[in-house]
Every structure is written in structure tokens, then in C-alpha cells.
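J.: Structure supplied as final_23.pdb; contents: PDB, C-alpha atoms, pLDDT in the B column.
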```pdb
ATOM      1  CA  GLY A 213      86.418 111.141  59.048  1.00 46.00           C
ATOM      2  CA  VAL A 214      89.393 113.133  60.283  1.00 52.00           C
ATOM      3  CA  GLY A 215      88.918 116.885  60.213  1.00 53.00           C
ATOM      4  CA  GLU A 216      91.077 119.792  61.258  1.00 60.00           C
ATOM      5  CA  ILE A 217      90.943 120.536  64.979  1.00 67.00           C
ATOM      6  CA  SER A 218      91.731 123.995  66.273  1.00 68.00           C
ATOM      7  CA  HIS A 219      94.706 124.165  68.638  1.00 67.00           C
ATOM      8  CA  GLY A 220      93.345 127.327  70.173  1.00 70.00           C
ATOM      9  CA  ALA A 221      94.262 130.982  69.802  1.00 76.00           C
ATOM     10  CA  PHE A 222      97.886 132.102  70.131  1.00 72.00           C
ATOM     11  CA  GLY A 223      97.335 133.290  73.692  1.00 78.00           C
ATOM     12  CA  VAL A 224      96.091 129.848  74.733  1.00 74.00           C
ATOM     13  CA  ARG A 225      99.034 128.082  73.107  1.00 70.00           C
ATOM     14  CA  ALA A 226     101.576 130.547  74.487  1.00 78.00           C
ATOM     15  CA  ARG A 227     100.384 129.972  78.058  1.00 80.00           C
ATOM     16  CA  PHE A 228     100.544 126.220  77.484  1.00 71.00           C
ATOM     17  CA  ILE A 229     104.158 126.434  76.284  1.00 72.00           C
ATOM     18  CA  LEU A 230     105.152 128.674  79.178  1.00 76.00           C
ATOM     19  CA  ARG A 231     103.664 126.202  81.642  1.00 76.00           C
ATOM     20  CA  ARG A 232     105.719 123.480  79.971  1.00 68.00           C
ATOM     21  CA  PHE A 233     108.935 125.449  80.443  1.00 68.00           C
ATOM     22  CA  GLY A 234     107.880 126.168  84.005  1.00 70.00           C
ATOM     23  CA  THR A 235     108.364 122.483  84.767  1.00 67.00           C
ATOM     24  CA  TYR A 236     112.113 123.172  84.967  1.00 65.00           C
ATOM     25  CA  PHE A 237     111.530 125.060  88.210  1.00 72.00           C
ATOM     26  CA  ARG A 238     108.804 123.063  89.950  1.00 72.00           C
ATOM     27  CA  SER A 239     109.161 121.508  93.372  1.00 74.00           C
ATOM     28  CA  LYS A 240     108.929 117.759  93.952  1.00 73.00           C
ATOM     29  CA  ALA A 241     106.896 118.300  97.112  1.00 78.00           C
ATOM     30  CA  GLY A 242     103.887 116.004  97.294  1.00 77.00           C
ATOM     31  CA  ALA A 243     105.046 113.749  94.482  1.00 77.00           C
ATOM     32  CA  PRO A 244     103.717 110.172  94.591  1.00 73.00           C
ATOM     33  CA  LYS A 245     106.140 107.555  95.849  1.00 74.00           C
ATOM     34  CA  ARG A 246     107.148 104.373  94.065  1.00 73.00           C
ATOM     35  CA  SER A 247     105.994 101.196  95.815  1.00 69.00           C
ATOM     36  CA  ALA A 248     109.086  99.358  97.013  1.00 70.00           C
ATOM     37  CA  ASN A 249     107.737  95.877  96.217  1.00 67.00           C
ATOM     38  CA  ALA A 250     105.760  96.729  93.065  1.00 65.00           C
ATOM     39  CA  GLY A 251     107.950  94.673  90.747  1.00 67.00           C
ATOM     40  CA  GLN A 252     107.615  91.486  92.783  1.00 70.00           C
ATOM     41  CA  SER A 253     103.870  91.863  93.267  1.00 70.00           C
ATOM     42  CA  LEU A 254     103.415  92.367  89.512  1.00 74.00           C
ATOM     43  CA  LEU A 255     105.401  89.209  88.806  1.00 70.00           C
ATOM     44  CA  ASN A 256     103.249  87.326  91.308  1.00 68.00           C
ATOM     45  CA  ASP A 257     100.055  88.536  89.630  1.00 65.00           C
ATOM     46  CA  ALA A 258     101.204  87.933  86.040  1.00 61.00           C
ATOM     47  CA  GLY A 259      99.145  85.122  84.540  1.00 58.00           C
ATOM     48  CA  GLY A 260      97.413  84.527  87.848  1.00 61.00           C
ATOM     49  CA  GLY A 261      94.016  85.779  86.777  1.00 69.00           C
ATOM     50  CA  VAL A 262      94.087  88.816  89.088  1.00 79.00           C
ATOM     51  CA  ALA A 263      92.850  91.899  87.209  1.00 91.00           C
ATOM     52  CA  ALA A 264      95.036  94.872  88.121  1.00 92.00           C
ATOM     53  CA  VAL A 265      96.150  98.264  86.836  1.00 94.00           C
ATOM     54  CA  THR A 266      99.428  99.943  87.788  1.00 92.00           C
ATOM     55  CA  TRP A 267     100.062 103.593  86.930  1.00 92.00           C
ATOM     56  CA  ILE A 268     103.588 104.090  85.618  1.00 94.00           C
ATOM     57  CA  GLY A 269     103.219 107.817  84.850  1.00 92.00           C
ATOM     58  CA  HIS A 270     101.383 110.123  82.420  1.00 92.00           C
ATOM     59  CA  SER A 271      99.520 107.792  79.995  1.00 96.00           C
ATOM     60  CA  SER A 272     101.657 104.750  80.792  1.00 97.00           C
ATOM     61  CA  LEU A 273      99.632 102.012  82.471  1.00 97.00           C
ATOM     62  CA  LEU A 274     100.403  98.363  83.101  1.00 96.00           C
ATOM     63  CA  ILE A 275      97.242  96.268  82.778  1.00 96.00           C
ATOM     64  CA  GLN A 276      96.880  92.658  83.870  1.00 95.00           C
ATOM     65  CA  MET A 277      93.609  90.985  82.863  1.00 95.00           C
ATOM     66  CA  GLU A 278      92.348  87.810  81.210  1.00 92.00           C
ATOM     67  CA  GLN A 279      95.769  86.121  81.538  1.00 92.00           C
ATOM     68  CA  VAL A 280      97.508  88.862  79.482  1.00 95.00           C
ATOM     69  CA  THR A 281      99.788  91.697  80.548  1.00 96.00           C
ATOM     70  CA  PHE A 282     100.052  94.837  78.429  1.00 98.00           C
ATOM     71  CA  LEU A 283     101.190  98.458  78.492  1.00 98.00           C
ATOM     72  CA  THR A 284      99.612 101.667  77.217  1.00 98.00           C
ATOM     73  CA  ASP A 285     101.842 104.412  75.758  1.00 97.00           C
ATOM     74  CA  PRO A 286     104.923 103.241  77.708  1.00 98.00           C
ATOM     75  CA  VAL A 287     107.423 106.016  78.482  1.00 96.00           C
ATOM     76  CA  TRP A 288     110.416 105.376  80.722  1.00 96.00           C
ATOM     77  CA  SER A 289     112.603 108.160  79.283  1.00 93.00           C
ATOM     78  CA  ASP A 290     113.433 111.083  81.560  1.00 86.00           C
ATOM     79  CA  ARG A 291     112.803 113.661  78.838  1.00 81.00           C
ATOM     80  CA  PRO A 292     110.745 112.381  75.858  1.00 80.00           C
ATOM     81  CA  SER A 293     111.265 115.033  73.210  1.00 76.00           C
ATOM     82  CA  PRO A 294     112.638 115.507  69.666  1.00 75.00           C
ATOM     83  CA  ILE A 295     115.361 117.608  71.356  1.00 74.00           C
ATOM     84  CA  PRO A 296     115.912 115.689  74.610  1.00 69.00           C
ATOM     85  CA  PHE A 297     118.060 118.238  76.416  1.00 70.00           C
ATOM     86  CA  ILE A 298     115.386 120.966  76.221  1.00 72.00           C
ATOM     87  CA  GLY A 299     112.161 118.961  76.378  1.00 68.00           C
ATOM     88  CA  PRO A 300     109.948 118.731  79.478  1.00 72.00           C
ATOM     89  CA  SER A 301     111.265 116.324  82.101  1.00 77.00           C
ATOM     90  CA  ARG A 302     109.484 113.762  84.260  1.00 82.00           C
ATOM     91  CA  PHE A 303     107.981 115.001  87.512  1.00 81.00           C
ATOM     92  CA  VAL A 304     108.697 111.689  89.271  1.00 85.00           C
ATOM     93  CA  GLU A 305     110.447 108.468  88.293  1.00 88.00           C
ATOM     94  CA  PRO A 306     108.302 105.737  86.691  1.00 92.00           C
ATOM     95  CA  GLY A 307     106.082 103.894  89.162  1.00 89.00           C
ATOM     96  CA  VAL A 308     107.848 100.618  88.348  1.00 91.00           C
ATOM     97  CA  ALA A 309     111.409 100.258  87.056  1.00 91.00           C
ATOM     98  CA  ILE A 310     111.426  98.868  83.518  1.00 94.00           C
ATOM     99  CA  ASP A 311     113.688  95.995  84.601  1.00 93.00           C
ATOM    100  CA  ASN A 312     111.085  94.967  87.195  1.00 91.00           C
ATOM    101  CA  LEU A 313     108.248  94.562  84.696  1.00 94.00           C
ATOM    102  CA  PRO A 314     106.708  91.143  84.183  1.00 93.00           C
ATOM    103  CA  PRO A 315     106.778  89.748  80.627  1.00 95.00           C
ATOM    104  CA  ILE A 316     104.746  92.074  78.385  1.00 97.00           C
ATOM    105  CA  ASP A 317     102.404  90.398  75.910  1.00 97.00           C
ATOM    106  CA  PHE A 318     101.567  93.541  73.937  1.00 98.00           C
ATOM    107  CA  VAL A 319     101.789  97.317  73.864  1.00 98.00           C
ATOM    108  CA  LEU A 320      99.126  99.844  72.793  1.00 98.00           C
ATOM    109  CA  ILE A 321     100.254 103.166  71.261  1.00 98.00           C
ATOM    110  CA  SER A 322      97.636 105.917  70.973  1.00 97.00           C
ATOM    111  CA  HIS A 323      99.518 108.379  68.738  1.00 93.00           C
ATOM    112  CA  ASN A 324     102.960 109.584  67.724  1.00 90.00           C
ATOM    113  CA  HIS A 325     103.621 112.545  70.047  1.00 90.00           C
ATOM    114  CA  TYR A 326     106.904 112.038  71.874  1.00 85.00           C
ATOM    115  CA  ASP A 327     105.333 111.715  75.317  1.00 91.00           C
ATOM    116  CA  HIS A 328     103.261 108.778  74.047  1.00 90.00           C
ATOM    117  CA  LEU A 329     105.415 107.086  71.409  1.00 95.00           C
ATOM    118  CA  ASP A 330     108.830 106.876  73.084  1.00 95.00           C
ATOM    119  CA  LEU A 331     111.214 104.943  70.847  1.00 96.00           C
ATOM    120  CA  PRO A 332     113.956 104.381  73.472  1.00 96.00           C
ATOM    121  CA  THR A 333     111.407 102.689  75.721  1.00 97.00           C
ATOM    122  CA  LEU A 334     109.855 100.663  72.905  1.00 98.00           C
ATOM    123  CA  LYS A 335     113.274  99.388  71.823  1.00 98.00           C
ATOM    124  CA  VAL A 336     114.036  98.239  75.367  1.00 98.00           C
ATOM    125  CA  LEU A 337     110.685  96.445  75.579  1.00 98.00           C
ATOM    126  CA  ALA A 338     111.269  94.732  72.233  1.00 98.00           C
ATOM    127  CA  ARG A 339     114.704  93.538  73.377  1.00 97.00           C
ATOM    128  CA  ARG A 340     113.376  92.284  76.736  1.00 96.00           C
ATOM    129  CA  ASN A 341     110.831  89.982  75.119  1.00 96.00           C
ATOM    130  CA  ALA A 342     110.895  88.987  71.467  1.00 95.00           C
ATOM    131  CA  GLY A 343     107.235  87.963  71.707  1.00 96.00           C
ATOM    132  CA  THR A 344     105.911  91.410  72.655  1.00 98.00           C
ATOM    133  CA  LYS A 345     103.470  92.732  70.029  1.00 98.00           C
ATOM    134  CA  PHE A 346     103.143  96.468  69.370  1.00 98.00           C
ATOM    135  CA  PHE A 347      99.702  97.725  68.262  1.00 98.00           C
ATOM    136  CA  VAL A 348      99.755 101.154  66.594  1.00 98.00           C
ATOM    137  CA  PRO A 349      97.238 103.285  64.667  1.00 97.00           C
ATOM    138  CA  LEU A 350      97.456 103.483  60.881  1.00 96.00           C
ATOM    139  CA  GLY A 351     100.646 105.128  59.595  1.00 95.00           C
ATOM    140  CA  ASN A 352     102.753 104.590  62.721  1.00 96.00           C
ATOM    141  CA  ALA A 353     104.336 101.195  62.052  1.00 97.00           C
ATOM    142  CA  GLU A 354     107.114 102.585  59.863  1.00 96.00           C
ATOM    143  CA  VAL A 355     108.745 104.619  62.638  1.00 95.00           C
ATOM    144  CA  LEU A 356     108.971 101.496  64.812  1.00 97.00           C
ATOM    145  CA  ARG A 357     110.273  99.274  62.022  1.00 97.00           C
ATOM    146  CA  LYS A 358     112.961 101.824  61.165  1.00 96.00           C
ATOM    147  CA  HIS A 359     114.310 101.268  64.679  1.00 96.00           C
ATOM    148  CA  GLY A 360     114.324  97.485  64.509  1.00 96.00           C
ATOM    149  CA  ILE A 361     110.926  96.800  66.100  1.00 97.00           C
ATOM    150  CA  THR A 362     109.363  94.359  63.659  1.00 96.00           C
ATOM    151  CA  ARG A 363     106.536  92.736  65.626  1.00 98.00           C
ATOM    152  CA  VAL A 364     104.101  95.557  64.861  1.00 98.00           C
ATOM    153  CA  GLU A 365     100.377  95.397  64.094  1.00 97.00           C
ATOM    154  CA  GLU A 366      98.969  98.522  62.431  1.00 98.00           C
ATOM    155  CA  LEU A 367      95.199  99.047  62.662  1.00 98.00           C
ATOM    156  CA  ASP A 368      92.761 101.608  61.319  1.00 98.00           C
ATOM    157  CA  TRP A 369      89.823 102.931  63.331  1.00 97.00           C
ATOM    158  CA  ARG A 370      87.181 100.239  63.934  1.00 96.00           C
ATOM    159  CA  GLN A 371      89.530  97.408  63.022  1.00 98.00           C
ATOM    160  CA  SER A 372      90.201  94.691  65.573  1.00 98.00           C
ATOM    161  CA  LYS A 373      92.575  91.801  66.120  1.00 98.00           C
ATOM    162  CA  GLU A 374      92.327  88.687  68.280  1.00 98.00           C
ATOM    163  CA  PHE A 375      95.494  88.176  70.294  1.00 98.00           C
ATOM    164  CA  LEU A 376      96.181  85.697  73.094  1.00 97.00           C
ATOM    165  CA  GLY A 377      92.503  85.215  73.858  1.00 96.00           C
ATOM    166  CA  VAL A 378      91.438  88.872  73.906  1.00 98.00           C
ATOM    167  CA  MET A 379      90.118  91.203  71.217  1.00 98.00           C
ATOM    168  CA  VAL A 380      92.085  94.401  70.623  1.00 98.00           C
ATOM    169  CA  TYR A 381      90.041  97.219  69.063  1.00 98.00           C
ATOM    170  CA  CYS A 382      91.465 100.363  67.446  1.00 98.00           C
ATOM    171  CA  LEU A 383      88.896 103.127  67.954  1.00 98.00           C
ATOM    172  CA  PRO A 384      88.375 106.812  67.130  1.00 96.00           C
ATOM    173  CA  ALA A 385      89.639 109.689  69.271  1.00 95.00           C
ATOM    174  CA  GLN A 386      89.592 113.464  68.879  1.00 92.00           C
ATOM    175  CA  HIS A 387      93.240 114.476  68.695  1.00 86.00           C
ATOM    176  CA  TRP A 388      96.018 115.072  66.150  1.00 78.00           C
ATOM    177  CA  SER A 389      99.524 113.860  65.311  1.00 75.00           C
ATOM    178  CA  LYS A 390     102.905 115.381  64.587  1.00 79.00           C
ATOM    179  CA  ARG A 391     106.436 114.064  65.042  1.00 84.00           C
ATOM    180  CA  SER A 392     108.525 116.314  62.805  1.00 72.00           C
ATOM    181  CA  LEU A 393     108.270 119.709  61.120  1.00 68.00           C
ATOM    182  CA  ALA A 394     106.190 118.661  58.118  1.00 69.00           C
ATOM    183  CA  ASP A 395     104.152 115.570  59.065  1.00 68.00           C
ATOM    184  CA  ASP A 396     101.045 117.107  60.646  1.00 70.00           C
ATOM    185  CA  ASN A 397      98.279 114.471  60.823  1.00 71.00           C
ATOM    186  CA  ARG A 398     100.106 112.127  58.441  1.00 78.00           C
ATOM    187  CA  ALA A 399      99.681 109.278  60.944  1.00 88.00           C
ATOM    188  CA  LEU A 400      96.469 108.335  62.708  1.00 95.00           C
ATOM    189  CA  TRP A 401      95.741 108.642  66.434  1.00 95.00           C
ATOM    190  CA  ALA A 402      93.382 106.349  68.296  1.00 97.00           C
ATOM    191  CA  SER A 403      91.829 105.091  71.473  1.00 98.00           C
ATOM    192  CA  TRP A 404      91.824 101.359  72.237  1.00 98.00           C
ATOM    193  CA  ALA A 405      89.663  98.694  73.828  1.00 98.00           C
ATOM    194  CA  VAL A 406      90.763  95.295  75.052  1.00 98.00           C
ATOM    195  CA  ILE A 407      87.878  92.875  75.501  1.00 98.00           C
ATOM    196  CA  GLY A 408      88.141  89.460  77.131  1.00 97.00           C
ATOM    197  CA  PRO A 409      85.585  86.871  78.197  1.00 96.00           C
ATOM    198  CA  ASP A 410      85.167  88.527  81.619  1.00 95.00           C
ATOM    199  CA  LYS A 411      86.826  91.979  81.583  1.00 96.00           C
ATOM    200  CA  ARG A 412      86.563  95.042  79.339  1.00 98.00           C
ATOM    201  CA  PHE A 413      89.165  97.821  79.308  1.00 98.00           C
ATOM    202  CA  TYR A 414      89.108 101.149  77.439  1.00 98.00           C
ATOM    203  CA  PHE A 415      92.126 103.428  76.925  1.00 98.00           C
ATOM    204  CA  ALA A 416      91.243 106.882  75.585  1.00 97.00           C
ATOM    205  CA  GLY A 417      94.809 107.983  74.779  1.00 93.00           C
ATOM    206  CA  ASP A 418      94.855 111.752  74.204  1.00 90.00           C
ATOM    207  CA  THR A 419      91.427 113.041  73.254  1.00 92.00           C
ATOM    208  CA  GLY A 420      88.930 115.793  73.720  1.00 88.00           C
ATOM    209  CA  TYR A 421      85.315 114.947  74.424  1.00 91.00           C
ATOM    210  CA  PHE A 422      83.445 113.863  71.286  1.00 91.00           C
ATOM    211  CA  SER A 423      80.345 111.889  70.327  1.00 91.00           C
ATOM    212  CA  GLY A 424      82.432 108.801  69.605  1.00 93.00           C
ATOM    213  CA  PHE A 425      82.539 108.027  73.329  1.00 95.00           C
ATOM    214  CA  LYS A 426      78.817 107.232  73.291  1.00 96.00           C
ATOM    215  CA  ARG A 427      79.138 105.004  70.227  1.00 96.00           C
ATOM    216  CA  ILE A 428      82.093 103.126  71.709  1.00 97.00           C
ATOM    217  CA  GLY A 429      80.197 102.616  74.961  1.00 97.00           C
ATOM    218  CA  ARG A 430      77.123 101.303  73.164  1.00 97.00           C
ATOM    219  CA  GLN A 431      79.084  98.955  70.908  1.00 97.00           C
ATOM    220  CA  LEU A 432      81.724  97.592  73.298  1.00 98.00           C
ATOM    221  CA  GLY A 433      80.727  98.567  76.839  1.00 95.00           C
ATOM    222  CA  PRO A 434      80.061  98.537  79.642  1.00 97.00           C
ATOM    223  CA  PHE A 435      83.756  98.724  80.576  1.00 98.00           C
ATOM    224  CA  ASP A 436      85.211  97.511  83.853  1.00 97.00           C
ATOM    225  CA  LEU A 437      87.884 100.213  83.613  1.00 96.00           C
ATOM    226  CA  ALA A 438      88.184 103.303  81.410  1.00 97.00           C
ATOM    227  CA  ALA A 439      91.558 105.082  81.439  1.00 96.00           C
ATOM    228  CA  VAL A 440      90.907 108.660  80.307  1.00 94.00           C
TER
END
```
I'd like the structure from this file rewritten - as C-alpha cells, please.

T.:
Amino acid sequence: GVGEISHGAFGVRARFILRRFGTYFRSKAGAPKRSANAGQSLLNDAGGGVAAVTWIGHSSLLIQMEQVTFLTDPVWSDRPSPIPFIGPSRFVEPGVAIDNLPPIDFVLISHNHYDHLDLPTLKVLARRNAGTKFFVPLGNAEVLRKHGITRVEELDWRQSKEFLGVMVYCLPAQHWSKRSLADDNRALWASWAVIGPDKRFYFAGDTGYFSGFKRIGRQLGPFDLAAV
């Protein structure tokens, strides 16, 4: 079941918010660099049977495995926020330009926080390829459909769907959801597994440690890659 999770005492939350605002003044020294030929190498690998992971930024990963190419929590916006001009900004540009992506078979969304469910990015991805499928946890499909993204599959925890030769599993996580002032925990959050004949991938999304990790590992592991 889904229970209430403490967000910490006021002092903990206040320091977190102050650190967020501190991002306005941070230096870019030591930031990772974008690979100049990443887009071409991804196109070369697409459908070629080469298992690969490319970090785009934050929780956004491009995964190529079992002849499918998919994204986790894709965010290409500079400032994903309900109020874009005051929200936290990116530290560095995305690892791969969105126009350089290979065709995307499907997208996994872990939950509805703005730095994970970024509607401007999802709309671009839907326009780029009409065949892209968007997998979301229970209660999140409506926000996508309201913005013209119709190829959405909504799953509850422990439900799965076969797609293009792999199994996509919606799994528990310890987190919460909120996208507006009065919708706390109205939509589900999740972790995901993608299981093919040869490779197994786990995406934790946003989560604290909880006993579900052990159950997921026993039932679906061992994983070749776990993105936590």
C-alpha cells in the first residue's frame, strides 16, 4: 500500500530549498562535457544489438538493448518548473541534443514532479515519432493526453506489458507525487524494469531505500544495469 512519507522537519526542508536557490550562483567549473559525436554513434547503435546507456542529465537516460531504444524521465527543458522563470536551472546542457536522438520506441516516466515529467520534452518526442509509446504510473495518463500525447500506457504497481519483444514492468518505489497545489499523492509514482531475452534493466526513479528492492531483485533480477 501507499502510506504517508515524512518530508522531514522544517529545518531539513528549508536547507533543501536554500540549496535549490543557490543553484542560481553556482560555477560551471568541472561540468561534464557533451560528446561531439554522440548523436551519430547512437544512430549507428540503434537496432544494432549493442547494449548501451547514455546519460542525458539528472534521471534522463537513453537505453539501447534488445533491439529497442527508450528513455527514462526525459527532460530537455532548461528550467523544468511550474513557474519556469524562477525554477532551478540545468547545470549543464543535455548530454545529447534532442534533435540528434535516434528513433525512440518508448518512454518511461517514474512520477509527476516537474524534473521528471517534463511536458515540453514529451510533446517534442511525440511529434518526432508518432510510434513512441509513453509508459506512466497509474493516474498520470490524463496530464499527457490533455497536451495531445495519446499513445500512453498507464500501469499500476506490479502490472506489466509486452512491447516490441521486451516486458515492461511497473514496480513499487518509496516516493510521493505532487504537480499542483492540491493534488498531493493523487497520482502514483513507480520504478520500472525492462526485461528482454538477454538483458535486464532496472530504473529506480526517485526513491528512498525500502524493502521492495529485495523483492524486485528476487522476482526479476539479477539485473545487468540498475539506474538508481

J.: For Thr344 of chain A, which of A:Leu283, A:Ala226, A:Ala405, A:Leu400 is the closest residue, counting only C-alpha atoms?

T.: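 Selected residue with least distance to Thr344 of chain A: A:Leu283.
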
J.: Interatomic distance between atom CA of Gly433 of chain A and atom CA of Met379 of chain A?

T.: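 These two atoms are separated by 13.2 Å.
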
J.: Take atom CA of Pro300 of chain A and atom CA of Pro332 of chain A and report the distance between them in Å, one decimal.

T.: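 Computed distance, atom CA of Pro300 of chain A to atom CA of Pro332 of chain A, equals 16.1 Å.
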
J.: Please produce, as a tab-separated table, a per-residue contact table for segment 375-402 of chain A versus segment 407-415 of chain A (criterion: any atom at most 8 Å away, only C-alpha atoms considered), showing the nearest atom pair and its distance in Å to one decimal, sorted by chain then residue number.

T.:
```
residue	atom	partner	partner_atom	distance
A:Gly377	CA	A:Gly408	CA	6.9
A:Val378	CA	A:Gly408	CA	4.6
A:Met379	CA	A:Ile407	CA	5.1
A:Val380	CA	A:Ile407	CA	6.6
```

J.: What is the distance, in Å and to one decimal place, between atom CA of Asp436 of chain A and atom CA of His387 of chain A?

T.: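 If I compute the distance from atom CA of Asp436 of chain A to atom CA of His387 of chain A, I get 24.1 Å.
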
J.: Would you mind listing what lies within 6 Å of segment 368-376 of chain A as a list of chain:residue names, with all atoms listed in the file counted and same-chain residues fewer than 5 positions away left out?

T.: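 Result of the neighbour search: A:Pro349, A:Leu350, A:Tyr381, A:Cys382, A:Leu383, A:Pro384.
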
J.: For Val265 of chain A, find every residue with an atom within 9 Å (counting only C-alpha atoms), except residues of its own chain fewer than 2 positions away, and show them as a PyMOL selection string.

T.: chain A and resi 263+267+273-277

J.: List the residues matched by the PyMOL selection byres ((chain A and resi 398) around 10) in the displayed structure as a PDB file with C-alpha atoms, in the frame of the given file, ordered by chain and then by residue number.

T.:
```
ATOM      1  CA  LEU A 350      97.456 103.483  60.881  1.00 96.00           C
ATOM      2  CA  GLY A 351     100.646 105.128  59.595  1.00 95.00           C
ATOM      3  CA  ASN A 352     102.753 104.590  62.721  1.00 96.00           C
ATOM      4  CA  TRP A 388      96.018 115.072  66.150  1.00 78.00           C
ATOM      5  CA  SER A 389      99.524 113.860  65.311  1.00 75.00           C
ATOM      6  CA  LYS A 390     102.905 115.381  64.587  1.00 79.00           C
ATOM      7  CA  ARG A 391     106.436 114.064  65.042  1.00 84.00           C
ATOM      8  CA  ALA A 394     106.190 118.661  58.118  1.00 69.00           C
ATOM      9  CA  ASP A 395     104.152 115.570  59.065  1.00 68.00           C
ATOM     10  CA  ASP A 396     101.045 117.107  60.646  1.00 70.00           C
ATOM     11  CA  ASN A 397      98.279 114.471  60.823  1.00 71.00           C
ATOM     12  CA  ALA A 399      99.681 109.278  60.944  1.00 88.00           C
ATOM     13  CA  LEU A 400      96.469 108.335  62.708  1.00 95.00           C
ATOM     14  CA  TRP A 401      95.741 108.642  66.434  1.00 95.00           C
TER      15      TRP A 401
END
```

J.: Name the residues captured by the PyMOL selection byres ((chain A and resi 420) around 7) when it is applied to the shown file; answer as a list of chain:residue names.

T.: A:Gln386, A:His387, A:Thr419, A:Tyr421, A:Phe422

J.: List the residues selected by the PyMOL selection byres ((chain A and resi 327) around 8) in the file shown, writing them as a list in words.

T.: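 So the PyMOL selection byres ((chain A and resi 327) around 8), applied here, picks out Val287, Pro292, Ser293, His325, Tyr326, His328, Leu329 and Asp330 of chain A.
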
J.: Could the residues in this selection be written to a file with C-alpha atoms, as a compact mmCIF listing (two decimals), in the coordinates of the input?

T.:
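Everything below was put into out09.txt:
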```txt
# COMPACT_ATOMS: atom_id res chain seq x y z
CA VAL A 287 107.42 106.02 78.48
CA PRO A 292 110.74 112.38 75.86
CA SER A 293 111.26 115.03 73.21
CA HIS A 325 103.62 112.54 70.05
CA TYR A 326 106.90 112.04 71.87
CA HIS A 328 103.26 108.78 74.05
CA LEU A 329 105.42 107.09 71.41
CA ASP A 330 108.83 106.88 73.08
```

J.: Rank nothing, just name the residue among A:Ala338, A:Asn324, A:Thr333, A:Phe318 nearest to Arg291 of chain A, using all atoms listed in the file.

T.: A:Thr333

J.: For Ala353 of chain A, find every residue with an atom within 9 Å (counting all atoms listed in the file), except residues of its own chain fewer than 4 positions away, and show them as JSON, numbers by chain.

T.: {"A": [346, 347, 348, 349, 357, 358, 361, 362, 364, 365, 366]}

J.: Which residue gives the smallest distance to Phe435 of chain A among A:Asp418, A:Val308, A:Trp404, A:Phe237, with only C-alpha atoms counted?

T.: A:Trp404

J.: Would you mind listing what lies within 7 Å of Ser271 of chain A as a list in words, with only C-alpha atoms counted and same-chain residues fewer than 2 positions away left out?

T.: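 The contact residues come out as Gly269, Leu273, Thr284 and Asp285 of chain A.
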
J.: With distances taken over all atoms listed in the file, which of A:Ser239, A:Ser289, A:Asp317, A:His323 is nearest to Arg363 of chain A?

T.: A:Asp317

J.: Select, from A:Ala416, A:Ile310, A:Ala385, A:Leu367, the residue with the minimum atom-to-atom distance to Ala438 of chain A, counting all atoms listed in the file.

T.: A:Ala416

J.: Nearest to Leu313 of chain A: which of A:Ile295, A:Pro434, A:Trp288, A:Leu255 is it, counting all atoms listed in the file?

T.: A:Leu255
